[in-house]
file run37.csv (CSV, C-alpha atoms)
chain,number,residue,atom,x,y,z
Z,1,MET,CA,54.2,0.8,-49.5
Z,2,PRO,CA,54.1,4.0,-51.6
Z,3,LEU,CA,55.4,3.7,-55.2
Z,4,LEU,CA,58.1,6.3,-56.1
Z,5,LEU,CA,57.6,7.9,-59.6
Z,6,LYS,CA,60.7,9.2,-61.3
Z,7,ASP,CA,59.4,10.1,-64.8
Z,8,TYR,CA,59.3,13.9,-65.7
Z,9,THR,CA,60.2,16.3,-68.5
Z,10,TRP,CA,61.4,19.9,-68.2
Z,11,GLU,CA,62.3,22.9,-70.3
Z,12,ARG,CA,63.5,26.5,-69.9
Z,13,ARG,CA,61.4,29.2,-71.4
Z,14,VAL,CA,61.8,33.0,-71.7
Z,15,VAL,CA,58.4,34.8,-71.6
Z,16,SER,CA,58.3,38.6,-71.6
Z,17,ASP,CA,62.0,39.0,-70.5
Z,18,SER,CA,61.4,36.6,-67.6
Z,19,VAL,CA,62.8,33.1,-67.2
Z,20,ARG,CA,60.5,30.2,-66.4
Z,21,ILE,CA,61.2,26.5,-65.8
Z,22,ILE,CA,58.3,24.3,-67.0
Z,23,VAL,CA,58.2,20.8,-65.4
Z,24,THR,CA,55.7,18.2,-66.5
Z,25,VAL,CA,55.2,15.2,-64.2
Z,26,PRO,CA,53.0,12.3,-65.4
Z,27,PHE,CA,50.9,11.2,-62.3
Z,28,PRO,CA,48.3,8.5,-62.6
Z,29,GLY,CA,44.8,9.1,-61.4
Z,30,ASN,CA,42.6,12.2,-61.4
Z,31,LYS,CA,41.9,12.7,-57.7
Z,32,LEU,CA,44.8,15.0,-56.9
Z,33,GLN,CA,44.0,18.0,-54.6
Z,34,PRO,CA,46.1,21.2,-54.0
Z,35,GLY,CA,47.0,19.8,-50.6
Z,36,ASP,CA,48.7,16.8,-52.2
Z,37,ILE,CA,51.4,19.1,-53.7
Z,38,PHE,CA,54.2,20.6,-51.6
Z,39,THR,CA,56.6,23.3,-53.0
Z,40,THR,CA,59.6,25.0,-51.3
Z,41,GLU,CA,62.6,26.9,-52.6
Z,42,GLN,CA,64.5,23.7,-53.7
Z,43,PHE,CA,62.1,20.8,-53.2
Z,44,LEU,CA,59.0,19.6,-55.0
Z,45,LYS,CA,56.8,16.8,-53.9
Z,46,ILE,CA,53.5,15.1,-55.0
Z,47,SER,CA,51.9,12.6,-52.7
Z,48,ARG,CA,48.7,10.7,-53.4
Z,49,ALA,CA,48.4,7.1,-52.3
Z,50,PRO,CA,49.6,4.8,-53.6
Z,51,HIS,CA,52.1,7.0,-55.6
Z,52,TYR,CA,54.4,9.8,-54.7
Z,53,TRP,CA,57.0,11.9,-56.6
Z,54,GLU,CA,59.8,14.2,-55.3
Z,55,LEU,CA,62.6,16.3,-56.8
Z,56,PHE,CA,65.5,18.3,-55.3
Z,57,LEU,CA,66.1,21.3,-57.5
Z,58,CYS,CA,69.6,22.4,-58.5
Z,59,HIS,CA,68.8,26.1,-58.0
Z,60,PRO,CA,66.4,27.9,-55.7
Z,61,ILE,CA,63.0,29.2,-57.0
Z,62,ASP,CA,60.4,31.7,-55.7
Z,63,PRO,CA,57.6,29.6,-54.3
Z,64,ASP,CA,55.3,32.6,-54.0
Z,65,THR,CA,55.3,33.5,-57.7
Z,66,SER,CA,55.6,30.0,-59.0
Z,67,ARG,CA,52.4,28.1,-60.0
Z,68,CYS,CA,51.2,24.6,-60.3
Z,69,SER,CA,48.4,23.2,-62.5
Z,70,ILE,CA,46.7,19.9,-62.0
Z,71,LEU,CA,45.7,18.4,-65.4
Z,72,ALA,CA,44.4,15.1,-66.5
Z,73,ASN,CA,46.9,12.4,-65.4
Z,74,GLU,CA,49.7,15.0,-65.1
Z,75,VAL,CA,50.9,17.9,-63.0
Z,76,LEU,CA,52.4,21.0,-64.6
Z,77,PHE,CA,54.8,23.2,-62.6
Z,78,GLU,CA,55.7,26.7,-63.8
Z,79,LEU,CA,58.7,27.7,-61.7
Z,80,ILE,CA,60.2,31.2,-61.4
Z,81,PRO,CA,63.9,31.2,-60.5
Z,82,SER,CA,65.0,33.3,-57.6
Z,83,ASP,CA,68.0,34.5,-59.7
Z,84,PRO,CA,67.0,34.8,-63.4
Z,85,THR,CA,70.7,35.2,-64.4
Z,86,VAL,CA,71.6,31.7,-63.4
Z,87,ILE,CA,71.7,29.2,-66.3
Z,88,TRP,CA,69.9,26.0,-65.6
Z,89,GLU,CA,72.0,23.3,-67.1
Z,90,ALA,CA,70.2,20.6,-65.1
Z,91,LEU,CA,66.9,20.5,-63.1
Z,92,GLU,CA,67.5,17.8,-60.4
Z,93,MET,CA,70.3,18.1,-57.8
Z,94,ASP,CA,72.2,14.9,-57.2
Z,95,VAL,CA,71.6,14.1,-53.5
Z,96,PRO,CA,73.0,11.0,-51.8
Z,97,ARG,CA,70.3,8.8,-50.3
Z,98,GLU,CA,71.5,9.2,-46.7
Z,99,GLN,CA,71.3,13.0,-47.0
Z,100,LYS,CA,67.8,13.2,-48.4
Z,101,ALA,CA,66.0,12.9,-45.1
Z,102,PRO,CA,68.0,15.6,-43.3
Z,103,LEU,CA,67.7,17.9,-46.3
Z,104,LYS,CA,64.0,17.4,-46.4
Z,105,GLU,CA,63.8,18.4,-42.7
Z,106,GLN,CA,65.8,21.5,-43.4
Z,107,TYR,CA,63.5,22.5,-46.2
Z,108,LEU,CA,60.4,21.8,-44.1
Z,109,GLU,CA,61.8,24.0,-41.3
Z,110,ARG,CA,62.5,26.9,-43.6
Z,111,HIS,CA,58.9,26.6,-45.0
Z,112,ARG,CA,57.5,26.5,-41.5
Z,113,ILE,CA,59.4,29.6,-40.5
Z,114,ARG,CA,58.3,31.4,-43.7
Z,115,LEU,CA,54.7,30.6,-43.0
Z,116,GLU,CA,54.9,31.8,-39.4
Z,117,GLU,CA,56.5,35.1,-40.5
Z,118,ARG,CA,53.7,35.5,-43.1
Z,119,ALA,CA,51.1,34.9,-40.5
Z,120,LYS,CA,52.6,37.4,-38.1
Z,121,GLN,CA,52.8,40.0,-40.9
Z,122,ARG,CA,49.1,39.4,-41.8
Z,123,ALA,CA,48.2,39.8,-38.1
Z,124,VAL,CA,50.1,43.1,-37.9
Z,125,GLU,CA,48.4,44.4,-41.0
Z,126,LYS,CA,45.0,43.3,-39.7
Z,127,ASP,CA,45.7,45.1,-36.4
Z,128,CYS,CA,46.8,48.2,-38.2
Z,129,MET,CA,43.5,48.2,-40.2
Z,130,LYS,CA,41.5,47.8,-37.0
Z,131,LYS,CA,43.4,50.7,-35.4
Z,132,GLY,CA,42.8,52.8,-38.4
Z,133,GLU,CA,39.1,52.1,-38.4
Z,134,ILE,CA,38.9,52.9,-34.7
Z,135,HIS,CA,40.7,56.2,-35.3
Z,136,ARG,CA,38.3,57.0,-38.2
Z,137,GLN,CA,35.3,56.1,-36.1
Z,138,ILE,CA,36.6,58.4,-33.3
Z,139,GLU,CA,37.1,61.2,-35.7
Z,140,ARG,CA,33.6,60.8,-37.2
Z,141,GLU,CA,32.1,60.8,-33.7
Z,142,ARG,CA,34.1,63.9,-32.8
Z,143,CYS,CA,32.8,65.7,-35.9
Z,144,ASP,CA,29.3,64.7,-35.1
Z,145,ARG,CA,29.7,66.0,-31.5
Z,146,SER,CA,31.1,69.3,-32.8
Z,147,ALA,CA,28.2,69.6,-35.3
Z,148,ILE,CA,25.7,69.0,-32.5
Z,149,GLU,CA,27.4,71.4,-30.2
Z,150,GLY,CA,27.4,74.0,-32.9
Z,151,LEU,CA,23.7,73.6,-33.5
Z,152,LEU,CA,23.0,73.8,-29.8
Z,153,GLU,CA,25.1,77.0,-29.5
Z,154,SER,CA,23.3,78.5,-32.5
Z,155,ALA,CA,19.9,77.7,-31.0
Z,156,LYS,CA,21.0,79.2,-27.7
Z,157,GLU,CA,22.1,82.4,-29.3
Z,158,ARG,CA,18.9,82.7,-31.3
Z,159,GLU,CA,16.8,82.1,-28.1
Z,160,LEU,CA,18.8,84.8,-26.3
Z,161,LYS,CA,18.3,87.3,-29.1
Z,162,ARG,CA,14.6,86.5,-29.2
Z,163,MET,CA,14.3,87.1,-25.4
Z,164,GLU,CA,16.2,90.4,-25.7
Z,165,LEU,CA,13.9,91.6,-28.5
Z,166,ALA,CA,10.9,90.6,-26.4
Z,167,MET,CA,12.1,92.5,-23.4
Z,168,VAL,CA,12.7,95.6,-25.5
Z,169,LYS,CA,9.4,95.6,-27.5
Z,170,ASP,CA,7.0,94.3,-24.8
Z,171,TYR,CA,6.5,96.1,-21.5
Z,172,ARG,CA,2.9,94.9,-21.0
Z,173,SER,CA,2.2,93.5,-17.5
Z,174,PRO,CA,0.9,89.9,-17.6
Z,175,VAL,CA,-1.7,90.6,-14.8
Z,176,SER,CA,-3.2,94.0,-15.3
Z,177,GLY,CA,-2.7,94.2,-19.1
Z,178,THR,CA,-1.0,97.7,-18.7
Z,179,LYS,CA,2.4,98.5,-20.1
Z,180,ARG,CA,5.3,98.8,-17.7
Z,181,THR,CA,7.1,102.1,-18.0
Z,182,PRO,CA,10.8,101.6,-18.0
Z,183,LYS,CA,12.9,103.7,-15.7
Z,184,ILE,CA,15.4,106.1,-17.3
Z,185,ALA,CA,18.5,107.1,-15.5
Z,186,GLN,CA,19.4,110.8,-15.7
Z,187,GLN,CA,22.3,112.8,-14.5
Z,188,THR,CA,21.2,115.6,-12.1
Z,189,SER,CA,23.2,118.8,-11.6
Z,190,SER,CA,23.8,117.9,-7.9
Z,191,GLY,CA,25.7,114.8,-8.6
Z,192,PRO,CA,24.5,111.1,-8.7
Z,193,LEU,CA,22.2,109.5,-11.2
Z,194,VAL,CA,18.4,109.8,-10.6
Z,195,THR,CA,16.0,107.2,-12.0
Z,196,LYS,CA,12.9,108.7,-13.5
Z,197,PRO,CA,10.0,106.9,-15.1
Z,198,ALA,CA,9.7,107.1,-18.8
Z,199,PRO,CA,6.6,108.7,-20.4
Z,200,PRO,CA,3.7,106.3,-20.9
Z,201,ASP,CA,3.3,104.7,-24.3
Z,202,ASN,CA,-0.3,105.2,-25.6
Z,203,SER,CA,0.2,103.3,-28.8
Z,204,PRO,CA,-2.3,100.4,-29.4
Z,205,PRO,CA,-1.0,96.9,-28.9
Z,206,PRO,CA,0.3,95.0,-31.9
Z,207,VAL,CA,-2.1,92.9,-33.9
Z,208,ARG,CA,-1.9,89.2,-33.0
Z,209,ARG,CA,-0.3,87.2,-35.8
Z,210,SER,CA,-2.1,84.4,-37.5
Z,211,GLY,CA,-0.7,80.9,-37.4
Z,212,THR,CA,-1.3,77.4,-38.6
Z,213,VAL,CA,-1.7,74.4,-36.4
Z,214,GLU,CA,-0.3,71.2,-38.0
Z,215,VAL,CA,-2.2,68.0,-37.2
Z,216,THR,CA,-0.5,64.6,-38.0
Z,217,PHE,CA,-2.2,61.3,-38.5
Z,218,SER,CA,-0.9,57.8,-38.5
Z,219,LYS,CA,0.3,56.6,-41.9
Z,220,ARG,CA,-2.2,54.8,-44.1
Z,221,THR,CA,-2.0,53.7,-47.7
Z,222,PHE,CA,-5.7,54.3,-48.5
Z,223,VAL,CA,-7.5,57.6,-48.4
Z,224,THR,CA,-10.7,56.1,-47.0
Z,225,PRO,CA,-11.0,55.2,-43.3
Z,226,LYS,CA,-10.0,51.8,-42.2
Z,227,ARG,CA,-12.8,49.2,-42.1
Z,228,GLU,CA,-12.5,45.7,-40.9
Z,229,SER,CA,-14.8,44.5,-43.7
Z,230,MET,CA,-12.5,45.9,-46.3
Z,231,GLU,CA,-9.2,44.7,-44.8
Z,232,VAL,CA,-9.0,41.6,-47.0
Z,233,ALA,CA,-9.5,43.6,-50.2
Z,234,GLU,CA,-6.9,46.2,-49.1
Z,235,GLN,CA,-4.3,43.5,-48.4
Z,236,GLU,CA,-4.9,41.9,-51.8
Z,237,TRP,CA,-4.4,45.3,-53.5
Z,238,ILE,CA,-1.1,45.9,-51.6
Z,239,ARG,CA,0.1,42.5,-52.7
Z,240,LYS,CA,-0.7,43.3,-56.4
Z,241,GLN,CA,1.2,46.6,-56.1
Z,242,ALA,CA,4.2,44.9,-54.6
Z,243,ALA,CA,4.2,42.4,-57.5
Z,244,ALA,CA,4.0,45.3,-60.0
Z,245,ARG,CA,7.0,47.0,-58.3
Z,246,ARG,CA,8.9,43.8,-58.3
Z,247,ALA,CA,8.4,43.3,-62.0
Z,248,THR,CA,9.6,46.8,-62.7
Z,249,VAL,CA,12.3,47.4,-60.1
Z,250,GLY,CA,13.5,43.8,-59.4
Z,251,PHE,CA,12.3,43.5,-55.8
Z,252,ALA,CA,10.1,45.7,-53.7
Z,253,ASN,CA,11.9,45.7,-50.3
Z,254,ASP,CA,14.4,43.9,-48.2
Z,255,ASP,CA,11.8,41.5,-46.8
Z,256,GLU,CA,11.6,39.7,-50.1
Z,257,LEU,CA,15.2,38.7,-50.1
Z,258,ARG,CA,16.1,35.2,-49.0
Z,259,PRO,CA,18.6,34.7,-46.2
Z,260,ASP,CA,21.3,33.6,-48.6
Z,261,GLU,CA,20.8,36.7,-50.7
Z,262,ARG,CA,21.3,39.1,-47.8
Z,263,ASN,CA,24.9,39.6,-48.9
Z,264,PRO,CA,26.3,43.0,-49.9
Z,265,GLU,CA,28.4,41.4,-52.7
Z,266,TRP,CA,25.4,39.6,-54.1
Z,267,LEU,CA,23.4,42.8,-54.0
Z,268,LYS,CA,26.2,44.7,-55.8
Z,269,GLN,CA,26.3,42.1,-58.6
Z,270,ARG,CA,22.5,42.2,-58.8
Z,271,GLY,CA,22.7,46.0,-59.1
Z,272,ASP,CA,25.5,45.8,-61.8
Z,273,THR,CA,23.3,43.4,-63.8
Z,274,PHE,CA,20.3,45.8,-63.6
Z,275,PHE,CA,22.6,48.7,-64.6
Z,276,GLN,CA,23.9,46.9,-67.7
Z,277,GLN,CA,20.2,46.3,-68.6
Z,278,ARG,CA,19.6,50.1,-68.2
Z,279,ASN,CA,17.1,49.4,-65.4
Z,280,TYR,CA,18.6,52.2,-63.2
Z,281,LEU,CA,15.7,52.2,-60.7
Z,282,ALA,CA,16.3,48.5,-60.0
Z,283,ALA,CA,20.1,49.1,-59.7
Z,284,ILE,CA,19.6,51.8,-57.1
Z,285,ALA,CA,17.2,49.6,-55.2
Z,286,ALA,CA,19.8,46.7,-55.1
Z,287,TYR,CA,22.7,49.0,-54.1
Z,288,SER,CA,20.6,50.7,-51.4
Z,289,ALA,CA,19.7,47.3,-50.0
Z,290,GLY,CA,23.4,46.4,-49.8
Z,291,ILE,CA,24.1,49.8,-48.1
Z,292,ARG,CA,21.5,49.1,-45.5
Z,293,LEU,CA,23.4,45.9,-44.7
Z,294,THR,CA,26.9,47.6,-44.5
Z,295,LYS,CA,27.9,51.2,-44.9
Z,296,ASP,CA,31.6,50.5,-45.3
Z,297,TYR,CA,31.5,49.0,-48.8
Z,298,TYR,CA,32.6,51.9,-51.1
Z,299,ALA,CA,31.7,50.1,-54.3
Z,300,LEU,CA,28.0,50.2,-53.5
Z,301,PHE,CA,28.0,54.0,-53.1
Z,302,LEU,CA,30.2,54.4,-56.2
Z,303,ASN,CA,28.0,52.2,-58.5
Z,304,ARG,CA,24.8,53.8,-57.1
Z,305,SER,CA,26.2,57.3,-58.0
Z,306,ALA,CA,26.5,56.1,-61.6
Z,307,ALA,CA,22.8,55.0,-61.6
Z,308,HIS,CA,21.8,58.4,-60.1
Z,309,LEU,CA,23.8,60.2,-62.8
Z,310,ALA,CA,22.0,58.2,-65.5
Z,311,LEU,CA,18.6,59.2,-64.0
Z,312,GLU,CA,19.8,62.9,-63.7
Z,313,ASN,CA,19.7,62.8,-59.9
Z,314,TYR,CA,22.8,64.9,-59.7
Z,315,GLN,CA,22.6,65.9,-56.1
Z,316,ARG,CA,22.4,62.3,-54.9
Z,317,CYS,CA,25.1,61.4,-57.3
Z,318,ALA,CA,27.5,63.9,-55.7
Z,319,GLU,CA,26.5,62.8,-52.2
Z,320,ASP,CA,27.3,59.1,-53.0
Z,321,CYS,CA,30.6,60.1,-54.6
Z,322,SER,CA,31.6,62.0,-51.5
Z,323,THR,CA,30.7,59.1,-49.2
Z,324,ALA,CA,32.7,56.7,-51.4
Z,325,LEU,CA,35.8,59.0,-51.3
Z,326,GLU,CA,35.6,59.0,-47.5
Z,327,LEU,CA,35.6,55.2,-47.5
Z,328,LEU,CA,38.6,55.2,-49.9
Z,329,GLU,CA,41.0,56.2,-47.2
Z,330,PRO,CA,44.0,56.1,-47.0
Z,331,PRO,CA,44.6,56.9,-50.7
Z,332,VAL,CA,46.9,54.2,-52.1
Z,333,GLU,CA,47.7,52.9,-55.6
Z,334,ALA,CA,45.2,50.0,-55.2
Z,335,ASN,CA,42.2,52.4,-54.9
Z,336,ARG,CA,43.5,55.1,-57.4
Z,337,LYS,CA,41.1,54.1,-60.2
Z,338,ALA,CA,38.1,54.2,-57.8
Z,339,ARG,CA,39.1,57.6,-56.5
Z,340,VAL,CA,39.5,58.8,-60.1
Z,341,ALA,CA,35.9,57.6,-60.9
Z,342,CYS,CA,34.5,59.3,-57.8
Z,343,LEU,CA,36.2,62.7,-58.6
Z,344,ALA,CA,35.2,62.6,-62.3
Z,345,ARG,CA,31.6,61.6,-61.6
Z,346,ARG,CA,31.2,64.2,-58.8
Z,347,GLY,CA,32.6,66.8,-61.1
Z,348,ALA,CA,30.1,65.9,-63.9
Z,349,ALA,CA,27.3,66.1,-61.4
Z,350,LEU,CA,28.4,69.5,-60.1
Z,351,VAL,CA,28.6,70.9,-63.6
Z,352,LYS,CA,25.1,69.7,-64.3
Z,353,LEU,CA,24.0,71.4,-61.1
Z,354,GLY,CA,25.5,74.7,-62.3
Z,355,PHE,CA,28.7,74.7,-60.2
Z,356,LEU,CA,31.0,75.0,-63.1
Z,357,ARG,CA,34.1,76.1,-61.2
Z,358,GLN,CA,33.8,73.3,-58.6
Z,359,GLY,CA,33.2,70.7,-61.3
Z,360,TYR,CA,36.3,71.9,-63.2
Z,361,ASP,CA,38.4,71.6,-60.0
Z,362,GLU,CA,37.1,68.0,-59.5
Z,363,MET,CA,37.9,67.1,-63.1
Z,364,VAL,CA,41.4,68.6,-62.8
Z,365,ALA,CA,42.0,66.5,-59.7
Z,366,ALA,CA,40.8,63.3,-61.4
Z,367,SER,CA,43.0,64.0,-64.5
Z,368,ARG,CA,46.1,64.5,-62.2
Z,369,LEU,CA,45.4,61.1,-60.6
Z,370,ASP,CA,45.1,59.4,-64.0
Z,371,PRO,CA,47.1,61.5,-66.5
Z,372,ASP,CA,47.0,58.7,-69.1
Z,373,GLU,CA,43.2,59.0,-69.5
Z,374,ALA,CA,42.5,61.0,-72.7
Z,375,SER,CA,38.8,61.5,-72.0
Z,376,LEU,CA,39.6,63.3,-68.7
Z,377,ARG,CA,42.0,65.7,-70.4
Z,378,GLU,CA,39.4,66.5,-73.0
Z,379,GLU,CA,36.8,67.2,-70.4
Z,380,VAL,CA,39.2,69.5,-68.5
Z,381,GLU,CA,39.9,71.4,-71.7
Z,382,ARG,CA,36.2,71.7,-72.4
Z,383,LEU,CA,35.3,73.0,-69.0
Z,384,LYS,CA,38.3,75.4,-69.1
Z,385,HIS,CA,37.0,76.8,-72.4
Z,386,LEU,CA,33.5,77.3,-70.8
Z,387,LEU,CA,35.0,79.0,-67.8
Z,388,ASP,CA,37.2,81.3,-70.0
Z,389,ARG,CA,34.2,82.2,-72.2
Z,390,GLY,CA,32.1,82.9,-69.0
Z,391,THR,CA,34.8,85.2,-67.6
Z,392,ASP,CA,35.1,87.1,-70.9
Z,393,SER,CA,31.3,87.7,-71.0
Z,394,ASP,CA,31.3,88.9,-67.4
Z,395,SER,CA,34.2,91.3,-68.1
Z,396,ASP,CA,32.3,92.7,-71.2
call {"tool": "encode", "arguments": {"input": "run37.csv", "output": "structure tokens"}}
result
Amino acid sequence: MPLLLKDYTWERRVVSDSVRIIVTVPFPGNKLQPGDIFTTEQFLKISRAPHYWELFLCHPIDPDTSRCSILANEVLFELIPSDPTVIWEALEMDVPREQKAPLKEQYLERHRIRLEERAKQRAVEKDCMKKGEIHRQIERERCDRSAIEGLLESAKERELKRMELAMVKDYRSPVSGTKRTPKIAQQTSSGPLVTKPAPPDNSPPPVRRSGTVEVTFSKRTFVTPKRESMEVAEQEWIRKQAAARRATVGFANDDELRPDERNPEWLKQRGDTFFQQRNYLAAIAAYSAGIRLTKDYYALFLNRSAAHLALENYQRCAEDCSTALELLEPPVEANRKARVACLARRGAALVKLGFLRQGYDEMVAASRLDPDEASLREEVERLKHLLDRGTDSDSD
């Protein structure tokens, strides 16, 4: 039969203008698991054979914000009251023995209903995220189709213009080699139009233009022809080069990753480690390997843009920032810092590329998103000063 424990201590604390109830329960043994502890609005329970402990609270608490810590031979509850204005004169509510079982069932039913509502809310949020991703994918496909249709239309227009120019400039017959004389319609005095042949063109034919014929060969590492007798030596040289790249960059290609390392989050952490060690080439390799596994993880593009900026690859830095901004949709408070980093980094890259006005606009947008960042305000003022000085010199 389980042994009921009744010993506990409690106190009321005020931490940062918030009221907290600290309950310490001595519980023998050190094999407690989180599943052995049950917490509702007005009921606490610890059950681990052969002991258990339970307590009916005088006032309701917020079980979502309250915390529980399992220590050596004791359990520490940090309870957050639902109403902080209520004064806790006592902790335990005096419940008659015959009313404890119905009251427990009532608390358990409330807890079950709250869990079901939370599960339904998570399902709705997940469904909304899926629908949003589907809409974004449809929009991307529509943009791709529009771009392809635009390219086809441009190619069609260019081909039509080329054909028109060829018809105007070239009247040479493909069989006899003589030029065709176009017919010119003239108005006669008697009435209708009369078609007369144009005078022959005695100018020499145009000089044939020179051209270059491109010949492509299959890819080969070595400049010498492939020989079966040299294949072993060539493979040994390739292995040595791969080892040298691995020592410099971190790993040469994706084939060298173990199955448990083919994880975008692991590759991101690997790239962050290389970045902190100032090994920017290795960081770019790790981030790129993660991007090849998934193209929807914005942190890989954002961190790779920092490595490109450190290596002065400003064009690629701007491209990665643009891709990260597209993945940070919709703009919410949770991703505000990441969007600020994207805008500021892309602005810095544009300034380095010579697009001072565009870089200034990006910095202004980043500063408006994070008005408390002093460095962004200073950068905006610096770029504004450069723009004003350039405008004054142009006017002079």
call {"tool": "residues_around", "arguments": {"input": "run37.csv", "residues": "Arg339 (chain Z)", "least_positions_apart": "3", "cutoff": "12 Å", "atoms": "all atoms listed in the file", "output": "ChimeraX atom specification"}}
result
/Z:298-299,302,321-336,342-346,362-363,365-370
call {"tool": "write_last_selection", "arguments": {"input": "run37.csv", "atoms": "C-alpha atoms", "output": "short mmCIF file (atom, residue, chain, number, x, y, z; two decimals), keeping the file's coordinate frame"}}
result
data_model
loop_
_atom_site.label_atom_id
_atom_site.label_comp_id
_atom_site.auth_asym_id
_atom_site.auth_seq_id
_atom_site.Cartn_x
_atom_site.Cartn_y
_atom_site.Cartn_z
CA TYR Z 298 32.60 51.90 -51.10
CA ALA Z 299 31.70 50.10 -54.30
CA LEU Z 302 30.20 54.40 -56.20
CA CYS Z 321 30.60 60.10 -54.60
CA SER Z 322 31.60 62.00 -51.50
CA THR Z 323 30.70 59.10 -49.20
CA ALA Z 324 32.70 56.70 -51.40
CA LEU Z 325 35.80 59.00 -51.30
CA GLU Z 326 35.60 59.00 -47.50
CA LEU Z 327 35.60 55.20 -47.50
CA LEU Z 328 38.60 55.20 -49.90
CA GLU Z 329 41.00 56.20 -47.20
CA PRO Z 330 44.00 56.10 -47.00
CA PRO Z 331 44.60 56.90 -50.70
CA VAL Z 332 46.90 54.20 -52.10
CA GLU Z 333 47.70 52.90 -55.60
CA ALA Z 334 45.20 50.00 -55.20
CA ASN Z 335 42.20 52.40 -54.90
CA ARG Z 336 43.50 55.10 -57.40
CA CYS Z 342 34.50 59.30 -57.80
CA LEU Z 343 36.20 62.70 -58.60
CA ALA Z 344 35.20 62.60 -62.30
CA ARG Z 345 31.60 61.60 -61.60
CA ARG Z 346 31.20 64.20 -58.80
CA GLU Z 362 37.10 68.00 -59.50
CA MET Z 363 37.90 67.10 -63.10
CA ALA Z 365 42.00 66.50 -59.70
CA ALA Z 366 40.80 63.30 -61.40
CA SER Z 367 43.00 64.00 -64.50
CA ARG Z 368 46.10 64.50 -62.20
CA LEU Z 369 45.40 61.10 -60.60
CA ASP Z 370 45.10 59.40 -64.00
#
call {"tool": "residues_near_point", "arguments": {"input": "run37.csv", "point": "(59.6, 20.3, -46.5)", "cutoff": "8 Å", "atoms": "all atoms listed in the file", "output": "list of chain:residue names"}}
result
Z:Phe38, Z:Thr39, Z:Thr40, Z:Phe43, Z:Lys104, Z:Glu105, Z:Gln106, Z:Tyr107, Z:Leu108, Z:Glu109, Z:Arg110, Z:His111
call {"tool": "atom_distance", "arguments": {"input": "run37.csv", "atom1": "CA of Leu293 (chain Z)", "atom2": "CA of Ala310 (chain Z)"}}
result
24.2 Å
call {"tool": "residues_near_point", "arguments": {"input": "run37.csv", "point": "(21.1, 46.1, -56.0)", "cutoff": "9 Å", "atoms": "all atoms listed in the file", "output": "PyMOL selection string"}}
result
chain Z and resi 250+264+266-274+282-290+300+304
